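Quick look at structure06.cif (mmCIF, C-alpha atoms):
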data_work
#
loop_
_atom_site.label_atom_id
_atom_site.label_comp_id
_atom_site.auth_asym_id
_atom_site.auth_seq_id
_atom_site.Cartn_x
_atom_site.Cartn_y
_atom_site.Cartn_z
CA MET R 1 -212.77 -63.75 -12.59
CA LYS R 2 -209.49 -64.90 -11.11
CA LYS R 3 -210.73 -64.14 -7.62
CA LEU R 4 -213.89 -66.14 -8.21
CA PHE R 5 -211.74 -69.08 -9.30
CA ALA R 6 -209.57 -68.69 -6.20
CA ILE R 7 -212.71 -68.70 -4.05
CA SER R 8 -213.95 -71.86 -5.77
CA ILE R 9 -210.62 -73.53 -4.95
CA ALA R 10 -211.01 -72.46 -1.32
CA VAL R 11 -214.49 -73.97 -1.27
CA CYS R 12 -213.09 -77.25 -2.64
CA ILE R 13 -210.49 -77.23 0.14
CA LEU R 14 -213.13 -76.65 2.80
CA VAL R 15 -215.40 -79.36 1.41
CA ALA R 16 -212.51 -81.81 1.23
CA SER R 17 -211.46 -81.02 4.79
CA PHE R 18 -215.03 -81.49 5.99
CA ALA R 19 -215.40 -84.80 4.19
CA GLY R 20 -211.99 -86.09 5.19
CA GLY R 21 -212.01 -84.98 8.81
CA ALA R 22 -208.82 -85.74 10.70
CA GLY R 23 -207.57 -87.90 7.85
CA PHE R 24 -207.35 -84.88 5.55
CA ALA R 25 -204.38 -83.45 7.42
CA ALA R 26 -202.80 -86.88 7.61
CA LEU R 27 -202.55 -87.02 3.82
CA ALA R 28 -200.20 -84.06 3.98
CA GLN R 29 -197.72 -85.74 6.28
CA ALA R 30 -194.11 -86.12 5.21
CA GLU R 31 -193.23 -89.73 4.49
CA ALA R 32 -190.62 -91.82 2.76
CA LEU R 33 -191.57 -92.27 -0.89
CA PRO R 34 -190.28 -94.67 -3.57
CA ASP R 35 -187.49 -93.30 -5.73
CA GLY R 36 -188.58 -91.67 -8.94
CA GLU R 37 -192.05 -90.64 -7.80
CA THR R 38 -191.71 -87.07 -9.03
CA GLY R 39 -188.69 -87.22 -11.31
CA GLN R 40 -185.28 -85.70 -10.79
CA THR R 41 -184.06 -82.12 -11.06
CA GLU R 42 -180.79 -81.10 -12.64
CA VAL R 43 -180.80 -77.56 -11.31
CA SER R 44 -177.31 -76.33 -10.42
CA THR R 45 -177.98 -72.60 -10.14
CA TYR R 46 -178.38 -70.63 -6.94
CA TYR R 47 -178.20 -67.07 -5.68
CA ALA R 48 -174.72 -66.09 -4.53
CA PHE R 49 -174.85 -63.43 -1.82
CA ASP R 50 -172.26 -60.68 -1.59
CA ALA R 51 -171.89 -57.47 0.39
CA ASP R 52 -174.05 -55.54 -2.08
CA SER R 53 -176.93 -58.04 -2.20
CA THR R 54 -180.43 -56.84 -1.37
CA PRO R 55 -183.68 -58.78 -0.87
CA LEU R 56 -184.96 -57.30 -4.13
CA ASP R 57 -181.95 -58.75 -5.97
CA VAL R 58 -182.79 -62.17 -4.54
CA LEU R 59 -186.46 -61.80 -5.44
CA LYS R 60 -185.69 -60.83 -9.04
CA ASP R 61 -183.31 -63.75 -9.53
CA PHE R 62 -185.65 -66.30 -7.95
CA VAL R 63 -188.87 -65.25 -9.68
CA SER R 64 -187.30 -64.69 -13.10
CA SER R 65 -185.60 -68.10 -12.90
CA TYR R 66 -188.73 -69.96 -11.77
CA PRO R 67 -191.88 -68.04 -12.74
CA ASP R 68 -194.07 -71.19 -12.62
CA ARG R 69 -193.88 -72.91 -9.24
CA THR R 70 -197.27 -74.58 -9.30
CA PRO R 71 -197.60 -77.32 -6.63
CA ALA R 72 -196.44 -80.75 -7.84
CA SER R 73 -194.93 -79.33 -11.04
CA GLN R 74 -191.37 -79.75 -12.25
CA GLY R 75 -190.99 -75.99 -11.95
CA GLU R 76 -191.77 -76.19 -8.23
CA LYS R 77 -189.27 -79.00 -7.76
CA ASP R 78 -186.57 -77.08 -9.63
CA ALA R 79 -187.27 -74.00 -7.50
CA ALA R 80 -186.86 -76.12 -4.36
CA LYS R 81 -183.45 -77.30 -5.56
CA TYR R 82 -182.40 -73.70 -6.26
CA LEU R 83 -183.34 -72.77 -2.68
CA GLU R 84 -181.49 -75.74 -1.23
CA LEU R 85 -178.34 -74.80 -3.15
CA THR R 86 -178.67 -71.13 -2.17
CA LEU R 87 -178.77 -72.06 1.52
CA GLU R 88 -175.82 -74.40 1.12
CA ASN R 89 -173.84 -71.64 -0.61
CA LEU R 90 -174.34 -69.58 2.56
CA GLY R 91 -172.70 -72.35 4.56
CA ILE R 92 -176.03 -73.63 5.89
CA THR R 93 -176.80 -77.34 5.99
CA ALA R 94 -179.87 -77.85 3.78
CA GLU R 95 -182.05 -80.64 2.43
CA MET R 96 -185.21 -81.22 0.39
CA THR R 97 -187.93 -83.44 1.86
CA GLU R 98 -190.63 -84.88 -0.35
CA PHE R 99 -194.21 -85.28 0.86
CA ARG R 100 -197.54 -86.14 -0.65
CA PHE R 101 -200.86 -84.34 -0.43
CA ARG R 102 -204.33 -84.66 -1.87
CA ASP R 103 -205.06 -81.91 -4.37
CA PRO R 104 -208.51 -80.53 -3.48
CA LEU R 105 -209.37 -79.41 -7.02
CA PHE R 106 -208.50 -82.67 -8.76
CA ASP R 107 -208.95 -85.01 -5.77
CA GLU R 108 -205.64 -86.70 -6.58
CA LEU R 109 -202.55 -87.58 -4.55
CA ARG R 110 -199.63 -85.42 -5.63
CA TYR R 111 -196.06 -84.77 -4.51
CA SER R 112 -194.19 -81.66 -3.45
CA ASN R 113 -191.06 -80.71 -1.53
CA ASN R 114 -190.15 -78.71 1.54
CA VAL R 115 -186.66 -77.26 1.88
CA LYS R 116 -185.01 -76.92 5.29
CA GLY R 117 -181.78 -75.18 6.14
CA VAL R 118 -180.23 -75.34 9.63
CA ILE R 119 -177.82 -73.12 11.52
CA GLN R 120 -177.02 -75.37 14.45
CA GLY R 121 -176.88 -73.71 17.85
CA GLU R 122 -175.41 -74.85 21.15
CA SER R 123 -178.78 -75.98 22.56
CA ASP R 124 -181.80 -77.95 21.36
CA LYS R 125 -183.95 -74.82 21.49
CA LYS R 126 -184.79 -73.42 18.08
CA VAL R 127 -186.46 -70.69 16.05
CA ILE R 128 -188.19 -71.56 12.79
CA LEU R 129 -188.47 -69.11 9.90
CA VAL R 130 -190.99 -70.22 7.30
CA ALA R 131 -192.07 -68.95 3.88
CA HIS R 132 -193.89 -70.75 1.09
CA TYR R 133 -192.11 -70.70 -2.27
CA ASP R 134 -194.80 -72.09 -4.57
CA ASN R 135 -197.36 -70.18 -6.63
CA LEU R 136 -200.50 -71.00 -8.64
CA ALA R 137 -199.22 -69.93 -12.06
CA SER R 138 -200.59 -72.90 -14.03
CA TYR R 139 -203.09 -74.19 -11.47
CA GLY R 140 -206.51 -75.03 -12.85
CA THR R 141 -208.04 -76.63 -15.93
CA GLU R 142 -209.09 -75.54 -19.39
CA GLU R 143 -212.67 -75.44 -18.15
CA THR R 144 -212.00 -73.35 -15.02
CA GLY R 145 -209.10 -71.38 -16.43
CA TYR R 146 -205.64 -70.94 -14.92
CA ILE R 147 -204.75 -68.48 -12.17
CA GLY R 148 -201.52 -67.29 -13.81
CA GLY R 149 -198.98 -64.83 -12.48
CA GLU R 150 -195.46 -65.48 -11.24
CA GLY R 151 -195.86 -65.15 -7.47
CA ALA R 152 -193.51 -62.18 -7.19
CA GLY R 153 -195.23 -60.57 -4.23
CA ASP R 154 -196.88 -63.75 -3.03
CA ASN R 155 -194.52 -65.14 -2.12
CA GLY R 156 -191.27 -64.19 -3.79
CA SER R 157 -191.01 -61.39 -1.25
CA GLY R 158 -191.29 -63.83 1.66
CA VAL R 159 -188.67 -66.14 0.15
CA ALA R 160 -186.27 -63.25 -0.46
CA THR R 161 -186.72 -61.97 3.10
CA LEU R 162 -186.09 -65.41 4.59
CA LEU R 163 -182.92 -65.91 2.54
CA TYR R 164 -181.66 -62.41 3.35
CA THR R 165 -182.28 -63.05 7.06
CA ALA R 166 -180.22 -66.24 6.75
CA TYR R 167 -177.44 -64.20 5.13
CA LEU R 168 -177.48 -61.63 7.95
CA LEU R 169 -177.40 -64.29 10.67
CA LYS R 170 -174.46 -66.06 9.02
CA GLN R 171 -172.50 -62.81 9.17
CA GLY R 172 -172.97 -62.53 12.94
CA ALA R 173 -171.77 -64.43 15.97
CA PRO R 174 -173.06 -67.97 16.65
CA LEU R 175 -176.35 -68.19 18.52
CA ASP R 176 -177.12 -70.27 21.59
CA PHE R 177 -180.12 -71.81 19.85
CA THR R 178 -180.70 -73.42 16.46
CA VAL R 179 -182.34 -71.55 13.57
CA GLU R 180 -184.28 -73.48 10.93
CA PHE R 181 -185.15 -71.93 7.57
CA VAL R 182 -188.16 -73.73 6.13
CA LEU R 183 -189.42 -73.09 2.60
CA THR R 184 -192.68 -74.90 2.02
CA GLY R 185 -194.16 -76.24 -1.19
CA ALA R 186 -197.84 -76.70 -2.07
CA ASP R 187 -198.91 -74.09 0.47
CA SER R 188 -200.80 -71.82 -1.93
CA GLY R 189 -203.42 -74.48 -2.56
CA GLY R 190 -204.00 -75.45 1.07
CA LEU R 191 -200.97 -75.06 3.38
CA PHE R 192 -199.94 -78.63 2.61
CA GLY R 193 -196.22 -77.99 2.99
CA SER R 194 -196.70 -76.47 6.42
CA LEU R 195 -198.97 -79.35 7.45
CA ALA R 196 -196.36 -81.83 6.26
CA TYR R 197 -193.58 -80.10 8.16
CA VAL R 198 -195.52 -79.93 11.42
CA GLU R 199 -196.71 -83.51 11.00
CA GLN R 200 -193.12 -84.81 11.02
CA MET R 201 -192.12 -82.78 14.10
CA GLN R 202 -191.76 -84.81 17.27
CA GLY R 203 -193.24 -83.66 20.57
CA ARG R 204 -189.79 -82.67 21.76
CA ASP R 205 -189.27 -80.57 18.63
CA ILE R 206 -192.45 -78.67 19.34
CA ASP R 207 -191.56 -78.18 23.00
CA ASN R 208 -188.12 -76.86 22.04
CA THR R 209 -189.47 -74.36 19.51
CA LEU R 210 -189.05 -70.88 20.94
CA LEU R 211 -190.85 -69.13 18.09
CA VAL R 212 -192.07 -69.62 14.52
CA ILE R 213 -191.74 -66.59 12.21
CA ASN R 214 -193.91 -66.66 9.09
CA LEU R 215 -193.14 -64.46 6.07
CA ASP R 216 -195.97 -64.21 3.56
CA ALA R 217 -196.48 -61.62 0.80
CA LEU R 218 -195.01 -58.95 3.07
CA ALA R 219 -193.95 -56.60 0.25
CA ILE R 220 -197.42 -55.97 -1.18
CA GLY R 221 -200.39 -54.01 0.15
CA ASP R 222 -200.64 -50.67 1.90
CA TYR R 223 -199.07 -51.71 5.21
CA LEU R 224 -196.74 -54.27 6.76
CA TYR R 225 -198.46 -56.08 9.64
CA MET R 226 -197.17 -58.28 12.43
CA TYR R 227 -199.65 -60.71 13.98
CA ALA R 228 -198.99 -63.08 16.90
CA ASP R 229 -202.13 -64.37 18.59
CA GLU R 230 -205.68 -63.56 19.60
CA VAL R 231 -204.45 -62.52 23.04
CA LYS R 232 -201.63 -60.30 24.28
CA THR R 233 -198.26 -62.09 24.20
CA LEU R 234 -194.74 -61.39 25.42
CA HIS R 235 -193.18 -62.32 22.08
CA PHE R 236 -195.33 -59.82 20.16
CA ASP R 237 -194.47 -57.06 22.63
CA TYR R 238 -190.78 -57.98 22.42
CA PHE R 239 -190.63 -57.57 18.64
CA TYR R 240 -193.00 -54.61 18.56
CA ASP R 241 -190.88 -52.70 21.09
CA ILE R 242 -187.81 -53.21 18.91
CA ALA R 243 -189.75 -52.20 15.81
CA SER R 244 -191.17 -49.09 17.50
CA ALA R 245 -187.69 -47.97 18.55
CA GLY R 246 -186.50 -48.04 14.92
CA GLU R 247 -187.90 -47.18 11.51
CA TYR R 248 -189.33 -50.57 10.65
CA GLY R 249 -192.83 -49.48 9.62
CA ILE R 250 -194.60 -52.34 11.40
CA LYS R 251 -198.31 -52.07 12.16
CA ALA R 252 -200.13 -53.98 14.88
CA PRO R 253 -203.44 -55.69 14.02
CA PRO R 254 -206.51 -53.40 14.11
CA LYS R 255 -208.98 -53.69 16.97
CA ASN R 256 -211.61 -54.85 14.48
CA LYS R 257 -210.02 -57.86 12.83
CA ASN R 258 -212.99 -58.38 10.48
CA VAL R 259 -213.38 -62.04 11.38
CA ILE R 260 -215.02 -64.69 9.23
CA TRP R 261 -216.94 -67.49 10.94
CA ASN R 262 -215.42 -70.95 10.40
CA THR R 263 -218.24 -73.23 9.30
CA VAL R 264 -215.52 -75.80 8.59
CA PRO R 265 -212.05 -75.66 10.24
CA PHE R 266 -209.56 -74.24 7.72
CA GLN R 267 -206.83 -76.80 7.12
CA GLY R 268 -207.03 -78.26 10.59
CA TYR R 269 -207.07 -74.90 12.40
CA THR R 270 -209.40 -75.39 15.38
CA LEU R 271 -208.22 -72.94 18.04
CA THR R 272 -211.03 -70.48 17.39
CA PRO R 273 -214.41 -70.86 15.65
CA TYR R 274 -213.50 -68.00 13.32
CA THR R 275 -210.61 -66.84 11.16
CA HIS R 276 -209.26 -63.60 9.70
CA ILE R 277 -206.45 -62.48 7.44
CA GLY R 278 -203.89 -62.84 10.25
CA LEU R 279 -204.69 -66.56 10.48
CA MET R 280 -204.84 -67.40 6.77
CA SER R 281 -201.23 -68.48 6.40
CA SER R 282 -198.71 -71.04 7.63
CA ASN R 283 -198.61 -69.53 11.12
CA SER R 284 -202.07 -70.97 11.86
CA VAL R 285 -200.73 -74.50 11.33
CA PHE R 286 -197.90 -74.00 13.82
CA MET R 287 -200.22 -72.23 16.28
CA ASN R 288 -202.63 -75.13 16.09
CA ALA R 289 -199.78 -77.47 17.04
CA GLY R 290 -199.06 -75.43 20.18
CA MET R 291 -196.17 -73.23 19.04
CA ASN R 292 -195.87 -69.47 19.46
CA SER R 293 -195.65 -67.60 16.19
CA LEU R 294 -195.30 -64.24 14.51
CA SER R 295 -196.61 -63.60 11.01
CA PHE R 296 -195.38 -60.75 8.83
CA PHE R 297 -197.55 -59.91 5.84
CA GLY R 298 -198.54 -56.98 3.67
CA SER R 299 -202.13 -55.87 3.26
CA ASN R 300 -204.71 -53.33 4.34
CA TRP R 301 -206.35 -55.14 7.23
CA GLU R 302 -208.78 -52.31 7.85
CA ASN R 303 -210.01 -52.89 4.30
CA HIS R 304 -210.66 -56.64 4.78
CA PHE R 305 -214.40 -56.99 5.23
CA SER R 306 -214.62 -60.29 3.37
CA ILE R 307 -212.46 -63.00 1.84
CA THR R 308 -212.44 -61.09 -1.48
CA ALA R 309 -211.20 -57.75 -0.10
CA GLU R 310 -208.24 -56.02 -1.75
CA GLU R 311 -204.86 -55.79 -0.05
CA SER R 312 -204.66 -52.09 -0.95
CA SER R 313 -207.08 -49.18 -1.07
CA THR R 314 -205.00 -47.37 -3.71
CA LYS R 315 -203.48 -50.15 -5.83
CA PRO R 316 -205.01 -53.17 -7.58
CA GLY R 317 -204.87 -56.42 -5.64
CA ILE R 318 -202.33 -58.82 -7.11
CA ALA R 319 -201.87 -61.67 -4.61
CA GLY R 320 -203.04 -64.98 -6.07
CA THR R 321 -203.89 -63.45 -9.47
CA ASP R 322 -202.35 -63.25 -12.93
CA ALA R 323 -201.31 -59.68 -12.07
CA ASP R 324 -198.63 -60.91 -9.64
CA THR R 325 -195.85 -60.89 -12.23
CA LEU R 326 -192.34 -59.64 -11.57
CA GLU R 327 -192.80 -56.72 -13.96
CA ASN R 328 -196.10 -55.63 -12.44
CA PHE R 329 -194.86 -56.10 -8.87
CA LEU R 330 -191.81 -53.93 -9.50
CA GLU R 331 -193.93 -51.25 -11.12
CA LEU R 332 -196.39 -51.16 -8.20
CA TYR R 333 -194.00 -51.53 -5.26
CA GLY R 334 -190.38 -51.41 -6.45
CA GLU R 335 -188.03 -49.89 -3.90
CA THR R 336 -190.78 -49.84 -1.26
CA ALA R 337 -190.78 -53.63 -1.44
CA ASN R 338 -187.02 -53.74 -1.02
CA GLN R 339 -187.23 -51.53 2.07
CA ARG R 340 -189.94 -53.68 3.65
CA CYS R 341 -188.06 -56.92 3.07
CA THR R 342 -184.76 -55.44 4.26
CA ARG R 343 -186.24 -53.92 7.41
CA THR R 344 -188.14 -57.09 8.29
CA ALA R 345 -184.98 -59.20 7.92
CA GLU R 346 -183.01 -56.70 10.00
CA LEU R 347 -185.73 -56.65 12.68
CA ILE R 348 -185.70 -60.44 12.95
CA ALA R 349 -181.91 -60.68 12.99
CA SER R 350 -181.55 -57.92 15.60
CA ALA R 351 -184.14 -59.62 17.86
CA LEU R 352 -182.54 -63.07 17.62
CA VAL R 353 -179.09 -61.85 18.67
CA LYS R 354 -180.29 -60.04 21.81
CA ASP R 355 -179.08 -61.60 25.06
CA ASP R 356 -182.55 -61.94 26.56
CA PHE R 357 -184.28 -63.26 23.43
CA ALA R 358 -184.39 -66.94 24.42
CA SER R 359 -185.51 -66.27 27.99
CA VAL R 360 -188.34 -63.96 26.89
CA MET R 361 -189.51 -66.51 24.33
CA GLU R 362 -189.44 -69.24 26.99
CA ASN R 363 -191.56 -67.09 29.30
CA SER R 364 -193.95 -66.31 26.49
CA ARG R 365 -194.38 -70.01 25.82
CA LYS R 366 -195.08 -70.68 29.50
CA GLU R 367 -197.78 -68.02 29.45
CA LYS R 368 -199.33 -69.27 26.20
CA PHE R 369 -203.10 -69.01 26.25
CA ASP R 370 -204.90 -72.35 26.54
CA TYR R 371 -207.42 -72.59 23.72
CA SER R 372 -208.57 -76.09 24.69
CA PHE R 373 -211.73 -74.77 26.34
CA ILE R 374 -212.69 -73.22 23.01
CA SER R 375 -211.47 -75.98 20.71
CA GLU R 376 -212.98 -78.80 22.77
CA GLY R 377 -216.47 -77.39 22.64
CA GLY R 378 -216.53 -75.29 25.78
CA LEU R 379 -217.15 -72.17 23.74
CA SER R 380 -220.21 -73.78 22.16
CA LEU R 381 -221.71 -74.28 25.59
CA VAL R 382 -220.95 -70.69 26.48
CA VAL R 383 -222.53 -69.47 23.24
CA LEU R 384 -225.63 -71.57 23.88
CA ALA R 385 -225.82 -70.27 27.44
CA VAL R 386 -225.51 -66.69 26.21
CA ILE R 387 -228.20 -67.27 23.59
CA ALA R 388 -230.47 -68.86 26.20
CA ALA R 389 -229.82 -65.98 28.61
CA ALA R 390 -230.51 -63.46 25.87
CA GLY R 391 -233.74 -65.26 24.97
CA LEU R 392 -234.83 -65.33 28.59
CA THR R 393 -234.03 -61.64 28.97
CA VAL R 394 -236.06 -60.78 25.88
CA ALA R 395 -238.95 -62.90 27.17
CA ILE R 396 -238.86 -61.17 30.58
CA LEU R 397 -238.76 -57.72 28.98
CA TYR R 398 -241.60 -58.66 26.65
CA TYR R 399 -243.63 -59.97 29.57
CA ARG R 400 -243.04 -56.78 31.53
CA LYS R 401 -244.03 -54.71 28.51
CA LEU R 402 -247.27 -56.63 28.13
CA LYS R 403 -247.93 -56.37 31.87
CA ASN R 404 -247.44 -52.61 31.75
CA ILE R 405 -249.79 -52.33 28.79
CA GLN R 406 -252.43 -54.41 30.59
CA ASP R 407 -252.01 -52.45 33.82
CA ASN R 408 -252.36 -49.15 31.99
CA ALA R 409 -255.42 -50.42 30.14
CA GLN R 410 -256.99 -51.50 33.43
CA LYS R 411 -256.27 -48.11 34.98
CA GLU R 412 -257.92 -46.35 32.07
CA GLU R 413 -260.92 -48.66 32.36
CA ASP R 414 -261.20 -48.03 36.10
CA LYS R 415 -260.92 -44.31 35.53
CA THR R 416 -263.71 -44.42 32.98
CA ASP R 417 -265.96 -46.40 35.32
CA ASN R 418 -265.36 -43.93 38.13
CA ASN R 419 -266.26 -41.00 35.91
CA GLN R 420 -269.49 -42.68 34.82
CA LYS R 421 -270.79 -43.76 38.26
CA PRO R 422 -271.86 -40.30 39.58
CA SER R 423 -273.90 -39.55 36.47
CA GLN R 424 -275.64 -42.88 36.77
CA LYS R 425 -276.49 -42.21 40.43
CA VAL R 426 -277.93 -38.76 39.58
CA PHE R 427 -280.05 -40.37 36.92
CA GLU R 428 -281.24 -43.00 39.37
CA ASP R 429 -282.14 -40.33 42.01
CA PHE R 430 -284.04 -38.42 39.42
#
Starting from the file, give its structure as structure tokens.
Amino acid sequence: MKKLFAISIAVCILVASFAGGAGFAALAQAEALPDGETGQTEVSTYYAFDADSTPLDVLKDFVSSYPDRTPASQGEKDAAKYLELTLENLGITAEMTEFRFRDPLFDELRYSNNVKGVIQGESDKKVILVAHYDNLASYGTEETGYIGGEGAGDNGSGVATLLYTAYLLKQGAPLDFTVEFVLTGADSGGLFGSLAYVEQMQGRDIDNTLLVINLDALAIGDYLYMYADEVKTLHFDYFYDIASAGEYGIKAPPKNKNVIWNTVPFQGYTLTPYTHIGLMSSNSVFMNAGMNSLSFFGSNWENHFSITAEESSTKPGIAGTDADTLENFLELYGETANQRCTRTAELIASALVKDDFASVMENSRKEKFDYSFISEGGLSLVVLAVIAAAGLTVAILYYRKLKNIQDNAQKEEDKTDNNQKPSQKVFEDF
């Protein structure tokens, strides 16, 4: 039942995006808002890292403190403040930025917050780590029902991994480039926080972005995947080589990605006329804006034959349902989740501190595949040409088949006539 409700929300999003066109994304843009629009938060708590801290410790503290982080709720705003203070306690400059978005279920303008922390580097080049912190705990109505849950796996695990990565990087030597830690609100209902963040980026910001790393529900499911692009990329190979050399447990996407045709572009994503589980997160928004990205997430991609497929073949699916509570998450994944989050954070940190990281990312950006031919309608022409060619081929084969049948029939008729002529002549002579 919960999954059917989630699907109905997705349909509302698609319908709204179709009706709104380009203006739909514009409603998600970050903008200055009058004071007092969403009320104040008096949160003063945060997670204080120490040498014994683990990502699971962070996850437990965050989810238990803010189990309801529904977009536009006071709980979401309080959670954002907690994250801002946690980053600041690490010695990272942080701020909350308010934005508005149109809720697709209620068709109303609402307000949410993104949180950004910055470790300033020596150059303008930067890496962006992103994870959504909201959930859909109380999203819905009395008529439709509420989704429920506490968003422990989706996406408490992504939040914990991002914060732990920030902790690791602060322990190391300064980097040549800047690292931004972006925690997005209102993403569960339509990637609105990611859209808002990208919308406020200037062209120079996009050009200076070496890589965007997305962390989404990576501690659930049978496997931990890393997805980069629809084509081979240097940045994927760079991270995958590091992962393969250690015990990181990272899986590459399967050859069969089980794509779903995009009848309507999902939240402004227009690079390809289809989507799949590797594109159904914040990374698609950054990709669509021209930035290279990596997305880490947990699932069973081989098991995804439709939008309703489970993330595991052995455990119940919990992402986006009332089953994604802290208690249930710990019972299902427990220490396995801690290992995944820890290893992912260590993988990212170890890659960012390598001497050749920035140069490889620059080269990968220069070699970025140009999707404009596809997104600007070129693919449609190719598809039509292929269909026309296929139709012509079928017609030619059908014609040849008919011709062969007619030729064979004529041969049989001629053969019959030849067999009959001698008997007729004998009869005539008689």
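Between Tyr167 in chain R and the candidates R:Phe181, R:Tyr133, R:Phe192, R:Tyr139, the tightest atom-to-atom separation, counting only C-alpha atoms, involves R:Phe181.
The shortest atom-to-atom distance to Tyr223 in chain R, with only C-alpha atoms taken into account, belongs to R:Gly249 out of R:Gly249, R:Gly278, R:Gly290, R:Pro67.
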Result set, the PyMOL selection byres ((chain R and resi 169) around 10) on current file, as a ChimeraX atom specification: /R:119,163-168,170-175,179,345-346,348-350,352-353
Determine, counting only C-alpha atoms, which protein, DNA and RNA residues have an atom within 10 Å of an atom of Tyr248 in chain R; residues of the same chain fewer than 6 positions away are not included. Present the result as a tab-separated table (two decimals) with C-alpha atoms, in the coordinates of the input.
chain	number	residue	atom	x	y	z
R	224	LEU	CA	-196.74	-54.27	6.76
R	240	TYR	CA	-193.00	-54.61	18.56
R	242	ILE	CA	-187.81	-53.21	18.91
R	339	GLN	CA	-187.23	-51.53	2.07
R	340	ARG	CA	-189.94	-53.68	3.65
R	341	CYS	CA	-188.06	-56.92	3.07
R	342	THR	CA	-184.76	-55.44	4.26
R	343	ARG	CA	-186.24	-53.92	7.41
R	344	THR	CA	-188.14	-57.09	8.29
R	346	GLU	CA	-183.01	-56.70	10.00
R	347	LEU	CA	-185.73	-56.65	12.68
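A straight line drawn from CA of Tyr274 in chain R to CA of Val259 in chain R is 6.3 Å long.
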Picked residues, the PyMOL selection byres ((chain R and resi 322) around 6), expected as a PyMOL selection string: chain R and resi 147-149+321+323-324
Write to file, as a compact mmCIF listing (two decimals), keeping the file's coordinate frame, the residues of the selection just made, with C-alpha atoms.
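That gives us again.txt:
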# COMPACT_ATOMS: atom_id res chain seq x y z
CA ILE R 147 -204.75 -68.48 -12.17
CA GLY R 148 -201.52 -67.29 -13.81
CA GLY R 149 -198.98 -64.83 -12.48
CA THR R 321 -203.89 -63.45 -9.47
CA ALA R 323 -201.31 -59.68 -12.07
CA ASP R 324 -198.63 -60.91 -9.64
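CA of Asp216 in chain R is positioned 10.4 Å from CA of Ser299 in chain R.
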Atomic distance CA of Ser284 in chain R - CA of Ser123 in chain R, expressed in Å with one decimal: 26.1 Å
Residue neighbourhood range 70-73 of chain R, 7 Å, only C-alpha atoms, exclusion window fewer than 5 positions, as a list of chain:residue names: R:Arg110, R:Tyr111, R:Ser112, R:Asp134, R:Asn135, R:Leu136, R:Ala137, R:Ser138, R:Tyr139, R:Gly185, R:Ala186
Filtering to C-alpha atoms, could you give me those residues as a PDB file, in the frame of the given file?
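This is the output file part.pdb:
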ATOM      1  CA  ARG R 110    -199.630 -85.420  -5.630  1.00  0.00           C
ATOM      2  CA  TYR R 111    -196.060 -84.770  -4.510  1.00  0.00           C
ATOM      3  CA  SER R 112    -194.190 -81.660  -3.450  1.00  0.00           C
ATOM      4  CA  ASP R 134    -194.800 -72.090  -4.570  1.00  0.00           C
ATOM      5  CA  ASN R 135    -197.360 -70.180  -6.630  1.00  0.00           C
ATOM      6  CA  LEU R 136    -200.500 -71.000  -8.640  1.00  0.00           C
ATOM      7  CA  ALA R 137    -199.220 -69.930 -12.060  1.00  0.00           C
ATOM      8  CA  SER R 138    -200.590 -72.900 -14.030  1.00  0.00           C
ATOM      9  CA  TYR R 139    -203.090 -74.190 -11.470  1.00  0.00           C
ATOM     10  CA  GLY R 185    -194.160 -76.240  -1.190  1.00  0.00           C
ATOM     11  CA  ALA R 186    -197.840 -76.700  -2.070  1.00  0.00           C
TER      12      ALA R 186
END
